[in-house]
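S.K.: Okay, so here is work38.cif, and as you'll see once you scroll down, it has mmCIF, C-alpha atoms.
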```cif
data_run
#
loop_
_atom_site.label_atom_id
_atom_site.label_comp_id
_atom_site.auth_asym_id
_atom_site.auth_seq_id
_atom_site.Cartn_x
_atom_site.Cartn_y
_atom_site.Cartn_z
CA MET A 231 -27.12 -36.77 60.08
CA GLU A 232 -26.26 -33.07 60.42
CA LYS A 233 -28.29 -30.75 62.61
CA VAL A 234 -31.10 -28.93 60.79
CA GLN A 235 -31.07 -25.35 62.05
CA ILE A 236 -34.64 -24.09 62.17
CA TYR A 237 -35.95 -21.08 64.06
CA PRO A 238 -39.47 -19.61 63.79
CA LEU A 239 -39.64 -16.87 61.18
CA PRO A 240 -42.14 -13.98 61.14
CA PRO A 241 -45.14 -14.44 58.82
CA GLN A 242 -43.96 -11.88 56.27
CA LEU A 243 -40.60 -13.63 55.86
CA VAL A 244 -42.31 -17.01 55.49
CA GLN A 245 -44.44 -15.42 52.76
CA LEU A 246 -41.35 -14.00 51.05
CA LEU A 247 -39.63 -17.39 51.03
CA GLU A 248 -42.75 -19.08 49.67
CA GLU A 249 -42.97 -16.47 46.91
CA LYS A 250 -39.31 -16.97 45.99
CA HIS A 251 -39.71 -20.73 45.95
CA LYS A 252 -42.74 -20.58 43.65
CA SER A 253 -40.81 -18.26 41.32
CA GLY A 254 -37.83 -20.56 41.02
CA GLY A 255 -35.72 -18.49 43.40
CA LYS A 256 -36.52 -15.12 41.83
CA LEU A 257 -37.54 -12.32 44.15
CA GLY A 258 -40.56 -10.96 42.27
CA LEU A 259 -42.54 -7.79 42.98
CA GLU A 260 -44.34 -9.08 46.08
CA GLY A 261 -41.14 -10.50 47.52
CA ALA A 262 -39.33 -7.22 46.86
CA ARG A 263 -42.09 -5.32 48.65
CA ILE A 264 -41.89 -7.58 51.69
CA TRP A 265 -38.10 -7.36 51.79
CA THR A 266 -38.18 -3.56 51.54
CA GLU A 267 -40.49 -3.46 54.56
CA LEU A 268 -38.66 -6.13 56.57
CA MET A 269 -34.99 -5.25 56.12
CA PRO A 270 -35.06 -1.87 57.94
CA SER A 271 -36.43 -3.50 61.10
CA LEU A 272 -33.74 -6.19 60.94
CA LEU A 273 -31.06 -3.52 60.58
CA ARG A 274 -32.50 -1.51 63.48
CA THR A 275 -32.42 -4.60 65.67
CA HIS A 276 -28.82 -5.23 64.69
CA TYR A 277 -27.76 -1.64 65.35
CA SER A 278 -29.44 -1.80 68.76
CA PHE A 279 -27.72 -5.09 69.58
CA ARG A 280 -24.34 -3.72 68.48
CA ALA A 281 -24.74 -0.50 70.48
CA LEU A 282 -25.79 -2.39 73.63
CA ALA A 283 -23.10 -5.07 73.40
CA SER A 284 -22.07 -4.90 77.05
CA HIS A 285 -19.85 -7.99 76.84
CA PRO A 286 -17.46 -9.47 74.22
CA GLN A 287 -19.81 -12.45 73.79
CA LEU A 288 -22.62 -10.11 72.75
CA GLU A 289 -20.25 -8.26 70.42
CA GLU A 290 -19.36 -11.52 68.67
CA ILE A 291 -23.00 -12.43 68.15
CA ALA A 292 -23.81 -8.92 66.88
CA ILE A 293 -20.97 -9.17 64.35
CA ASP A 294 -22.27 -12.57 63.24
CA ILE A 295 -25.73 -11.01 62.75
CA ALA A 296 -24.20 -8.21 60.66
CA GLU A 297 -22.34 -10.68 58.44
CA THR A 298 -25.46 -12.79 57.98
CA LEU A 299 -27.59 -9.76 57.04
CA ASP A 300 -24.93 -8.61 54.59
CA ARG A 301 -24.88 -12.05 52.99
CA MET A 302 -28.69 -12.07 52.77
CA GLN A 303 -28.72 -8.75 50.92
CA LYS A 304 -26.25 -10.17 48.40
CA THR A 305 -28.06 -13.48 47.82
CA ILE A 306 -31.74 -12.54 47.95
CA GLU A 307 -31.96 -11.80 44.23
CA VAL A 308 -29.73 -14.67 43.10
CA PRO A 309 -31.87 -17.76 42.30
CA GLU A 310 -28.84 -20.05 42.53
CA LYS A 311 -28.31 -18.89 46.12
CA SER A 312 -31.87 -19.61 47.30
CA GLN A 313 -30.88 -22.40 49.68
CA GLU A 314 -28.17 -20.23 51.19
CA PHE A 315 -30.62 -17.35 51.60
CA THR A 316 -33.19 -19.61 53.28
CA ALA A 317 -30.56 -20.97 55.68
CA ASP A 318 -29.46 -17.43 56.55
CA CYS A 319 -33.06 -16.41 57.28
CA PHE A 320 -33.22 -19.08 59.97
CA ARG A 321 -29.70 -18.26 61.09
CA VAL A 322 -30.25 -14.54 61.64
CA TYR A 323 -33.33 -15.09 63.83
CA ALA A 324 -31.56 -17.85 65.75
CA LEU A 325 -28.65 -15.47 66.35
CA MET A 326 -30.96 -12.75 67.61
CA ASP A 327 -32.49 -15.24 70.03
CA GLU A 328 -29.00 -16.31 71.11
CA TYR A 329 -28.11 -12.65 71.76
CA VAL A 330 -31.16 -12.17 73.98
CA LYS A 331 -30.50 -15.40 75.90
CA THR A 332 -26.80 -14.61 76.33
CA ARG A 333 -27.62 -11.15 77.61
CA ALA A 334 -30.09 -12.67 80.09
CA GLN A 335 -27.34 -14.97 81.37
CA LEU A 336 -25.21 -11.87 81.99
CA ASP A 337 -27.93 -10.16 84.03
CA VAL A 338 -26.95 -9.49 87.64
CA THR A 339 -30.36 -8.83 89.19
CA ARG A 340 -34.01 -9.82 88.92
CA LEU A 341 -34.92 -6.16 88.30
CA PRO A 342 -35.11 -5.86 84.48
CA ALA A 343 -34.98 -2.06 84.41
CA VAL A 344 -31.82 -2.00 86.52
CA ASN A 345 -30.29 -4.72 84.35
CA GLY A 346 -30.98 -2.53 81.32
CA LEU A 347 -29.12 0.38 82.89
CA ILE A 348 -26.19 -1.82 83.92
CA HIS A 349 -25.87 -3.20 80.39
CA ALA A 350 -26.06 0.33 78.95
CA ILE A 351 -23.25 1.60 81.20
CA HIS A 352 -21.07 -1.41 80.35
CA ALA A 353 -21.74 -0.81 76.64
CA HIS A 354 -20.73 2.85 77.00
CA LEU A 355 -17.53 1.95 78.84
CA ARG A 356 -16.72 -0.45 76.00
CA GLY A 357 -17.12 2.41 73.54
CA ARG A 358 -20.35 1.13 72.00
CA LEU A 359 -23.13 3.35 73.40
CA HIS A 360 -23.12 7.16 73.41
CA LEU A 361 -23.22 8.70 76.87
CA LYS A 362 -26.42 10.65 76.16
CA LEU A 363 -28.29 7.43 75.39
CA ILE A 364 -27.69 6.04 78.88
CA ASP A 365 -30.48 8.27 80.17
CA MET A 366 -32.98 6.20 78.13
CA TYR A 367 -32.16 3.30 80.43
CA ALA A 368 -31.68 5.36 83.59
CA GLN A 369 -35.24 6.69 83.57
CA PRO A 370 -37.06 3.32 83.85
CA ALA A 371 -34.49 2.17 86.43
CA ARG A 372 -35.16 5.27 88.56
CA LYS A 373 -38.90 4.71 88.24
CA LYS A 374 -38.59 1.10 89.41
CA ILE A 375 -36.40 2.05 92.37
CA ASP A 376 -38.83 4.82 93.35
CA GLU A 377 -41.64 2.23 93.35
CA LEU A 378 -39.62 -0.07 95.60
CA VAL A 379 -38.72 2.79 97.96
CA GLN A 380 -42.43 3.62 98.27
CA LEU A 381 -43.18 -0.05 98.89
CA TYR A 382 -40.58 -0.05 101.67
CA ARG A 383 -42.12 3.05 103.26
CA ASN A 384 -45.56 1.46 103.22
CA ALA A 385 -44.29 -1.74 104.83
CA GLN A 386 -41.51 -0.51 107.12
CA ASP A 387 -43.63 -0.62 110.29
CA THR A 388 -44.20 -4.36 109.77
CA LEU A 389 -40.53 -5.21 109.16
CA GLU A 390 -38.02 -6.47 111.68
CA GLU A 391 -35.09 -4.14 112.39
CA PRO A 392 -32.38 -6.22 110.61
CA THR A 393 -34.55 -6.36 107.49
CA LYS A 394 -35.20 -2.61 107.63
CA GLN A 395 -31.50 -1.85 107.94
CA ALA A 396 -30.62 -4.12 105.03
CA LEU A 397 -33.24 -2.52 102.79
CA LEU A 398 -32.12 0.97 103.81
CA LYS A 399 -28.59 0.01 102.83
CA GLY A 400 -29.88 -1.04 99.42
CA ILE A 401 -31.79 2.23 99.03
CA ASP A 402 -28.65 4.22 99.97
CA SER A 403 -26.58 2.27 97.42
CA MET A 404 -29.09 3.14 94.71
CA ALA A 405 -29.14 6.82 95.70
CA GLU A 406 -25.35 6.93 95.53
CA ALA A 407 -25.39 5.12 92.18
CA PHE A 408 -27.62 7.73 90.56
CA GLN A 409 -25.45 10.53 91.96
CA GLN A 410 -22.38 8.89 90.41
CA LEU A 411 -24.27 8.47 87.15
CA LYS A 412 -24.67 12.25 86.90
CA LYS A 413 -20.88 12.74 86.96
CA ALA A 414 -20.58 10.52 83.88
CA ASP A 415 -16.79 10.13 83.93
CA PRO A 416 -15.48 6.55 83.54
CA GLU A 417 -14.40 6.13 87.18
CA SER A 418 -17.73 7.43 88.49
CA LEU A 419 -19.59 5.11 86.11
CA LYS A 420 -17.57 2.13 87.33
CA SER A 421 -18.46 3.04 90.93
CA CYS A 422 -22.06 3.49 89.80
CA LEU A 423 -22.08 -0.08 88.49
CA VAL A 424 -20.88 -1.43 91.84
CA ASN A 425 -23.60 0.44 93.73
CA LEU A 426 -26.30 -0.55 91.23
CA LYS A 427 -25.40 -4.21 91.61
CA ASN A 428 -25.17 -4.04 95.40
CA GLY A 429 -28.40 -2.08 95.76
CA ALA A 430 -30.32 -4.27 93.33
CA THR A 431 -29.18 -7.46 95.09
CA ILE A 432 -30.94 -6.19 98.21
CA LEU A 433 -33.96 -4.40 96.75
CA GLU A 434 -34.91 -7.25 94.44
CA HIS A 435 -36.22 -9.00 97.56
CA LEU A 436 -38.81 -6.23 97.90
CA ALA A 437 -39.85 -6.80 94.29
CA ALA A 438 -40.06 -10.56 94.91
CA TRP A 439 -42.29 -10.05 97.97
CA LYS A 440 -44.58 -7.81 95.94
CA GLU A 441 -44.77 -10.33 93.08
CA ASP A 442 -45.46 -13.22 95.47
CA PHE A 443 -48.25 -11.25 97.13
CA GLU A 444 -49.82 -10.31 93.80
CA LYS A 445 -49.67 -13.93 92.64
CA SER A 446 -51.32 -15.14 95.82
CA GLU A 447 -54.13 -12.62 95.35
CA ALA A 448 -54.61 -13.22 91.63
CA SER A 449 -56.91 -15.90 90.26
CA PRO A 450 -55.41 -18.44 87.84
CA VAL A 451 -58.59 -18.19 85.75
CA PRO A 452 -57.99 -16.11 82.60
CA VAL A 453 -60.12 -13.16 81.44
CA VAL A 454 -62.66 -13.31 84.30
CA GLY A 455 -60.40 -14.25 87.21
CA SER A 456 -61.15 -11.15 89.28
CA TYR A 457 -64.91 -11.74 88.84
CA VAL A 458 -64.52 -15.37 89.95
CA ARG A 459 -62.58 -14.26 93.03
CA GLY A 460 -65.30 -11.71 93.75
CA MET A 461 -68.01 -14.37 93.58
CA LEU A 462 -66.09 -16.67 95.90
CA SER A 463 -65.60 -13.83 98.36
CA GLU A 464 -69.31 -12.98 98.18
CA LEU A 465 -70.29 -16.59 98.83
CA ARG A 466 -68.00 -16.84 101.85
CA GLN A 467 -69.16 -13.56 103.33
CA ASN A 468 -72.89 -13.71 102.58
CA GLY A 469 -73.54 -17.41 102.02
CA THR A 470 -75.18 -16.60 98.68
CA LEU A 471 -74.68 -14.67 95.44
CA ALA A 472 -76.71 -11.55 94.74
CA PRO A 473 -79.13 -11.79 91.78
CA GLU A 474 -77.15 -9.07 89.97
CA THR A 475 -73.90 -11.00 90.41
CA LEU A 476 -75.44 -14.15 88.94
CA HIS A 477 -77.10 -12.20 86.13
CA ASN A 478 -73.78 -10.67 85.09
CA TRP A 479 -72.16 -14.11 85.19
CA VAL A 480 -74.69 -15.99 83.06
CA GLU A 481 -75.19 -13.11 80.61
CA ASP A 482 -71.64 -11.77 80.17
CA GLU A 483 -68.75 -13.06 82.26
CA PHE A 484 -69.29 -16.77 81.59
CA TRP A 485 -69.42 -16.19 77.84
CA ASN A 486 -66.18 -14.21 77.96
CA LEU A 487 -64.57 -17.20 79.67
CA GLN A 488 -66.20 -19.66 77.28
CA GLU A 489 -64.94 -17.71 74.26
CA HIS A 490 -61.39 -17.73 75.62
CA TRP A 491 -61.55 -21.47 76.35
CA ALA A 492 -63.00 -22.25 72.92
CA LYS A 493 -60.03 -20.51 71.29
CA SER A 494 -57.37 -22.11 73.49
CA ARG A 495 -58.64 -25.65 74.10
CA HIS A 496 -57.11 -27.10 70.94
CA ASP A 497 -53.82 -25.22 71.35
CA LEU A 498 -52.78 -26.59 74.73
CA PHE A 499 -49.05 -27.29 74.72
CA MET A 500 -48.96 -30.81 76.12
CA PRO A 501 -49.02 -34.47 74.99
CA ARG A 502 -52.22 -35.43 73.22
CA PRO A 503 -53.53 -37.88 75.90
CA GLN A 504 -52.99 -35.29 78.62
CA LYS A 505 -54.60 -32.60 76.48
CA ASP A 506 -57.62 -34.79 75.81
CA ARG A 507 -58.15 -35.36 79.54
CA VAL A 508 -57.83 -31.65 80.34
CA VAL A 509 -60.23 -30.68 77.57
CA GLU A 510 -62.78 -33.26 78.70
CA ARG A 511 -62.67 -32.02 82.30
CA LEU A 512 -62.88 -28.33 81.45
CA ASP A 513 -65.55 -28.82 78.78
CA SER A 514 -67.70 -30.60 81.36
CA LEU A 515 -67.03 -27.90 83.94
CA MET A 516 -68.00 -25.16 81.48
CA VAL A 517 -71.39 -26.79 80.94
CA ASN A 518 -72.10 -26.64 84.68
CA LEU A 519 -70.76 -23.11 85.07
CA ARG A 520 -73.08 -21.92 82.33
CA ASP A 521 -76.04 -22.74 84.58
CA LEU A 522 -74.53 -21.41 87.79
CA ASP A 523 -77.72 -19.51 88.59
CA GLN A 524 -79.56 -22.84 88.83
CA MET A 525 -77.21 -24.25 91.48
CA SER A 526 -77.29 -24.04 95.27
CA PRO A 527 -74.68 -21.77 96.93
CA ARG A 528 -72.75 -24.84 98.11
CA VAL A 529 -72.51 -26.23 94.57
CA GLN A 530 -71.70 -22.78 93.18
CA GLU A 531 -68.71 -22.51 95.51
CA GLN A 532 -67.57 -26.03 94.62
CA LEU A 533 -67.74 -25.29 90.90
CA LEU A 534 -65.89 -21.98 91.18
CA ASN A 535 -63.19 -23.54 93.37
CA ASN A 536 -62.90 -26.38 90.86
CA LEU A 537 -62.52 -23.84 88.05
CA GLU A 538 -59.61 -22.17 89.84
CA SER A 539 -58.09 -25.55 90.67
CA GLN A 540 -58.29 -26.73 87.06
CA TYR A 541 -56.61 -23.60 85.70
CA GLU A 542 -53.99 -23.69 88.46
CA SER A 543 -53.15 -27.26 87.46
CA LEU A 544 -53.20 -26.31 83.79
CA SER A 545 -50.52 -23.67 84.35
CA LYS A 546 -48.16 -26.39 85.62
CA MET A 547 -48.83 -28.92 82.87
CA GLY A 548 -47.35 -29.28 79.44
CA PHE A 549 -43.97 -29.82 77.82
CA GLN A 550 -40.87 -28.49 79.55
CA VAL A 551 -38.97 -27.12 76.57
CA ASP A 552 -35.63 -26.72 78.34
CA GLU A 553 -35.82 -30.36 79.39
CA LEU A 554 -36.74 -31.51 75.89
CA ARG A 555 -33.68 -29.71 74.50
CA LYS A 556 -31.50 -32.08 76.55
CA HIS A 557 -32.37 -34.77 74.00
CA PRO A 558 -29.24 -35.77 72.01
CA ALA A 559 -30.94 -34.27 68.95
CA GLY A 560 -32.35 -31.28 70.80
CA TRP A 561 -32.53 -29.28 67.57
CA LEU A 562 -35.60 -31.35 66.70
CA VAL A 563 -37.45 -29.45 69.43
CA ASP A 564 -36.76 -26.13 67.69
CA LEU A 565 -37.97 -27.62 64.41
CA PHE A 566 -41.34 -28.62 65.85
CA LEU A 567 -41.75 -25.44 67.90
CA ALA A 568 -41.09 -23.36 64.80
CA THR A 569 -43.59 -25.44 62.83
CA LEU A 570 -46.18 -25.03 65.59
CA SER A 571 -45.83 -21.25 65.30
CA ALA A 572 -46.25 -21.40 61.48
CA GLY A 573 -42.71 -20.05 61.19
CA VAL A 574 -41.41 -22.52 58.58
CA PRO A 575 -42.19 -22.35 54.83
CA ARG A 576 -44.05 -25.35 53.45
CA TYR A 577 -41.34 -26.20 50.93
CA LYS A 578 -38.74 -26.33 53.72
CA LEU A 579 -40.86 -28.83 55.64
CA ASP A 580 -41.16 -30.93 52.48
CA GLU A 581 -37.37 -30.89 52.14
CA ILE A 582 -36.92 -31.96 55.77
CA ILE A 583 -39.45 -34.78 55.34
CA GLN A 584 -37.44 -36.09 52.40
CA GLU A 585 -34.15 -35.64 54.22
CA PHE A 586 -35.40 -37.65 57.22
CA GLN A 587 -36.64 -40.52 55.03
CA GLY A 588 -34.78 -43.77 55.65
CA THR A 589 -32.81 -42.35 58.60
CA ASP A 590 -33.09 -42.65 62.37
CA TYR A 591 -35.43 -39.66 62.10
CA GLN A 592 -38.00 -41.46 59.95
CA ILE A 593 -40.65 -41.23 62.67
CA TYR A 594 -40.29 -37.44 62.74
CA SER A 595 -40.68 -37.37 58.99
CA ASP A 596 -43.95 -39.27 59.45
CA PHE A 597 -45.20 -36.79 62.06
CA LEU A 598 -44.46 -33.85 59.76
CA HIS A 599 -46.06 -35.58 56.80
CA LYS A 600 -49.27 -36.29 58.75
CA TYR A 601 -49.33 -32.71 60.02
CA LEU A 602 -49.11 -31.30 56.49
CA GLN A 603 -51.55 -33.85 55.12
CA GLU A 604 -54.27 -33.30 57.74
CA GLN A 605 -53.36 -29.78 58.97
CA ASP A 606 -53.67 -31.06 62.53
CA ARG A 607 -51.14 -29.58 64.98
CA ASP A 608 -51.65 -32.54 67.33
CA TYR A 609 -49.17 -34.49 65.20
CA LEU A 610 -46.53 -31.91 66.14
CA LEU A 611 -47.41 -32.45 69.79
CA ASP A 612 -47.06 -36.19 69.17
CA ALA A 613 -43.56 -35.53 67.85
CA LEU A 614 -42.62 -33.60 70.97
CA ALA A 615 -44.12 -36.36 73.13
CA HIS A 616 -41.95 -38.89 71.28
CA ILE A 617 -38.87 -36.75 71.94
CA GLU A 618 -39.90 -36.67 75.60
CA SER A 619 -40.26 -40.46 75.73
CA GLU A 620 -36.88 -40.96 74.03
CA LEU A 621 -35.30 -38.55 76.49
CA ASP A 622 -36.78 -40.46 79.42
CA ALA A 623 -35.48 -43.72 77.98
CA PHE A 624 -32.07 -42.19 77.37
CA ALA A 625 -31.90 -40.84 80.94
CA THR A 626 -32.79 -44.17 82.56
CA ALA A 627 -30.89 -46.51 80.26
CA SER A 628 -27.85 -48.31 81.63
CA GLY A 629 -24.53 -48.90 79.98
CA ASP A 630 -23.99 -46.85 76.85
CA GLY A 631 -27.60 -45.61 76.89
CA VAL A 632 -30.13 -45.56 74.12
CA GLN A 633 -28.87 -45.05 70.61
CA LEU A 634 -30.73 -42.05 69.14
#
```
Could you spell out this file's structure in structure tokens?

M.R.:
Amino acid sequence: MEKVQIYPLPPQLVQLLEEKHKSGGKLGLEGARIWTELMPSLLRTHYSFRALASHPQLEEIAIDIAETLDRMQKTIEVPEKSQEFTADCFRVYALMDEYVKTRAQLDVTRLPAVNGLIHAIHAHLRGRLHLKLIDMYAQPARKKIDELVQLYRNAQDTLEEPTKQALLKGIDSMAEAFQQLKKADPESLKSCLVNLKNGATILEHLAAWKEDFEKSEASPVPVVGSYVRGMLSELRQNGTLAPETLHNWVEDEFWNLQEHWAKSRHDLFMPRPQKDRVVERLDSLMVNLRDLDQMSPRVQEQLLNNLESQYESLSKMGFQVDELRKHPAGWLVDLFLATLSAGVPRYKLDEIIQEFQGTDYQIYSDFLHKYLQEQDRDYLLDALAHIESELDAFATASGDGVQL
């Protein structure tokens, strides 16, 4: 069976496709309105991608996007071309995602702002980006480097001499790079690229230290994490929580957390059995946290530590999408992810269900059918869990492996 290319579409495009399908492939007034609003943003994205094509690979993808958009404009009002138009809708968004991922693979540093400037200079040298537009990318890069220089100054007294000298070398490389950028001639820009890459390779360690420190200080608890950390600090310092602290918790902060949990508990991205266990544990914990003012300080600290522990564990759970895509039919992962995000028109799911009938993908047809029938996203998680189990079996099988 051929690969089914599905990529999550924005809500307005899903609506347009549904409208066309109901009208027998005709565009209609509502569809025309949506298309008139949507097409300019697609074209702007394409123009931006084309202008910032810093590598031949990116240029090829940008050209493919242009050809797909051109085809879409020609087929959108032709009922007989509805299937082609639908396929191109998925294709153009998949191509845009491919462009972003390819560009990320071409990045040379973990400093996004500096990467942006490097890509912009490469695009200019390839004749794609006007020289004046480079400054749009130079400004955020300068700002980031200034932040790192200030971080170095604040920490220099605590650094060993070899580390200080290495960081100073990185700072000097960046200073030289921005001087070369001002000259703007091709040779200076090429030298600028070398210094940007060399400087960023060194200074990104400063950024990593800062990020690691901030992560260690931040609470894994969403919405009210800083308040939870404050309560734990107060308990450790004073042995008790002040009445005002507890009042704020039981009257406001807890309910902010409870509201967030109530919205997210059903949408956890993990196999259903694992999700059920997590929900049961956190639901029970929420009940106890609601009455924190009735607990002893020792129990309060235990509950708050448990809350942080549960959310810390939660951040490490769930499906590993990149691993799932290693399945021999990895495109199934994109199908179910797109469906989870409501990015696939209903009629397209119906077509896929029919197409999978009587094939090796029958079980995935059943998952989709149950999802549509009951409107329960857990069936989509079940599908991903089945992919995961097949992948595990495939990885451990001997001989020719599992036939999928």

S.K.: Could you tell me which residues the PyMOL selection byres ((chain A and resi 480-491) around 12) returns for this structure, as a PyMOL selection string?

M.R.: chain A and resi 451-458+461+473-479+492-498+508-509+512-524+534+537+541

S.K.: Could you list the residues chosen by the PyMOL selection byres ((chain A and resi 358) around 12) in this structure as number ranges by chain?

M.R.: A: 277-286, 288-289, 292, 349-357, 359-361, 363-364

S.K.: Between A:Thr332, A:Gln369, A:Gln395, A:Gln235, which has the minimum distance to Leu347 (chain A) (counting only C-alpha atoms)?

M.R.: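 For Leu347 (chain A), the nearest of the candidates is A:Gln369.
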
S.K.: As a check of understanding, name the residues that the PyMOL selection byres ((chain A and resi 433) around 8) selects in the supplied structure, as a PDB file with C-alpha atoms, keeping the file's coordinate frame.

M.R.:
```
ATOM      1  CA  LEU A 378     -39.620  -0.070  95.600  1.00  0.00           C
ATOM      2  CA  LEU A 397     -33.240  -2.520 102.790  1.00  0.00           C
ATOM      3  CA  GLY A 400     -29.880  -1.040  99.420  1.00  0.00           C
ATOM      4  CA  ILE A 401     -31.790   2.230  99.030  1.00  0.00           C
ATOM      5  CA  GLY A 429     -28.400  -2.080  95.760  1.00  0.00           C
ATOM      6  CA  ALA A 430     -30.320  -4.270  93.330  1.00  0.00           C
ATOM      7  CA  THR A 431     -29.180  -7.460  95.090  1.00  0.00           C
ATOM      8  CA  ILE A 432     -30.940  -6.190  98.210  1.00  0.00           C
ATOM      9  CA  GLU A 434     -34.910  -7.250  94.440  1.00  0.00           C
ATOM     10  CA  HIS A 435     -36.220  -9.000  97.560  1.00  0.00           C
ATOM     11  CA  LEU A 436     -38.810  -6.230  97.900  1.00  0.00           C
ATOM     12  CA  ALA A 437     -39.850  -6.800  94.290  1.00  0.00           C
TER      13      ALA A 437
END
```

S.K.: Quote the spacing between CA of Tyr609 (chain A) and CA of Pro501 (chain A) in Å to one decimal place.

M.R.: 9.8 Å

S.K.: Report, in Å to a single decimal, how far apart CA of Arg383 (chain A) and CA of Phe408 (chain A) are.

M.R.: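 About the pair CA of Phe408 (chain A) and CA of Arg383 (chain A): they are 19.8 Å apart.
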
S.K.: Once 8 Å is added on each side, what centre and edge lengths in Å to one decimal does the axis-aligned box around all listed atoms of region 246-262 of chain A have, as AutoDock Vina command-line options?

M.R.:
```
--center_x -40.0 --center_y -14.0 --center_z 46.0 --size_x 24.6 --size_y 29.5 --size_z 26.0
```

S.K.: Choose the residue, out of A:Gln504, A:Ser539, A:Ser571, A:Gln380, that has the smallest atom-to-atom separation from Ala615 (chain A); count only C-alpha atoms.

M.R.: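 With only C-alpha atoms as the atom set, the closest residue is A:Gln504.
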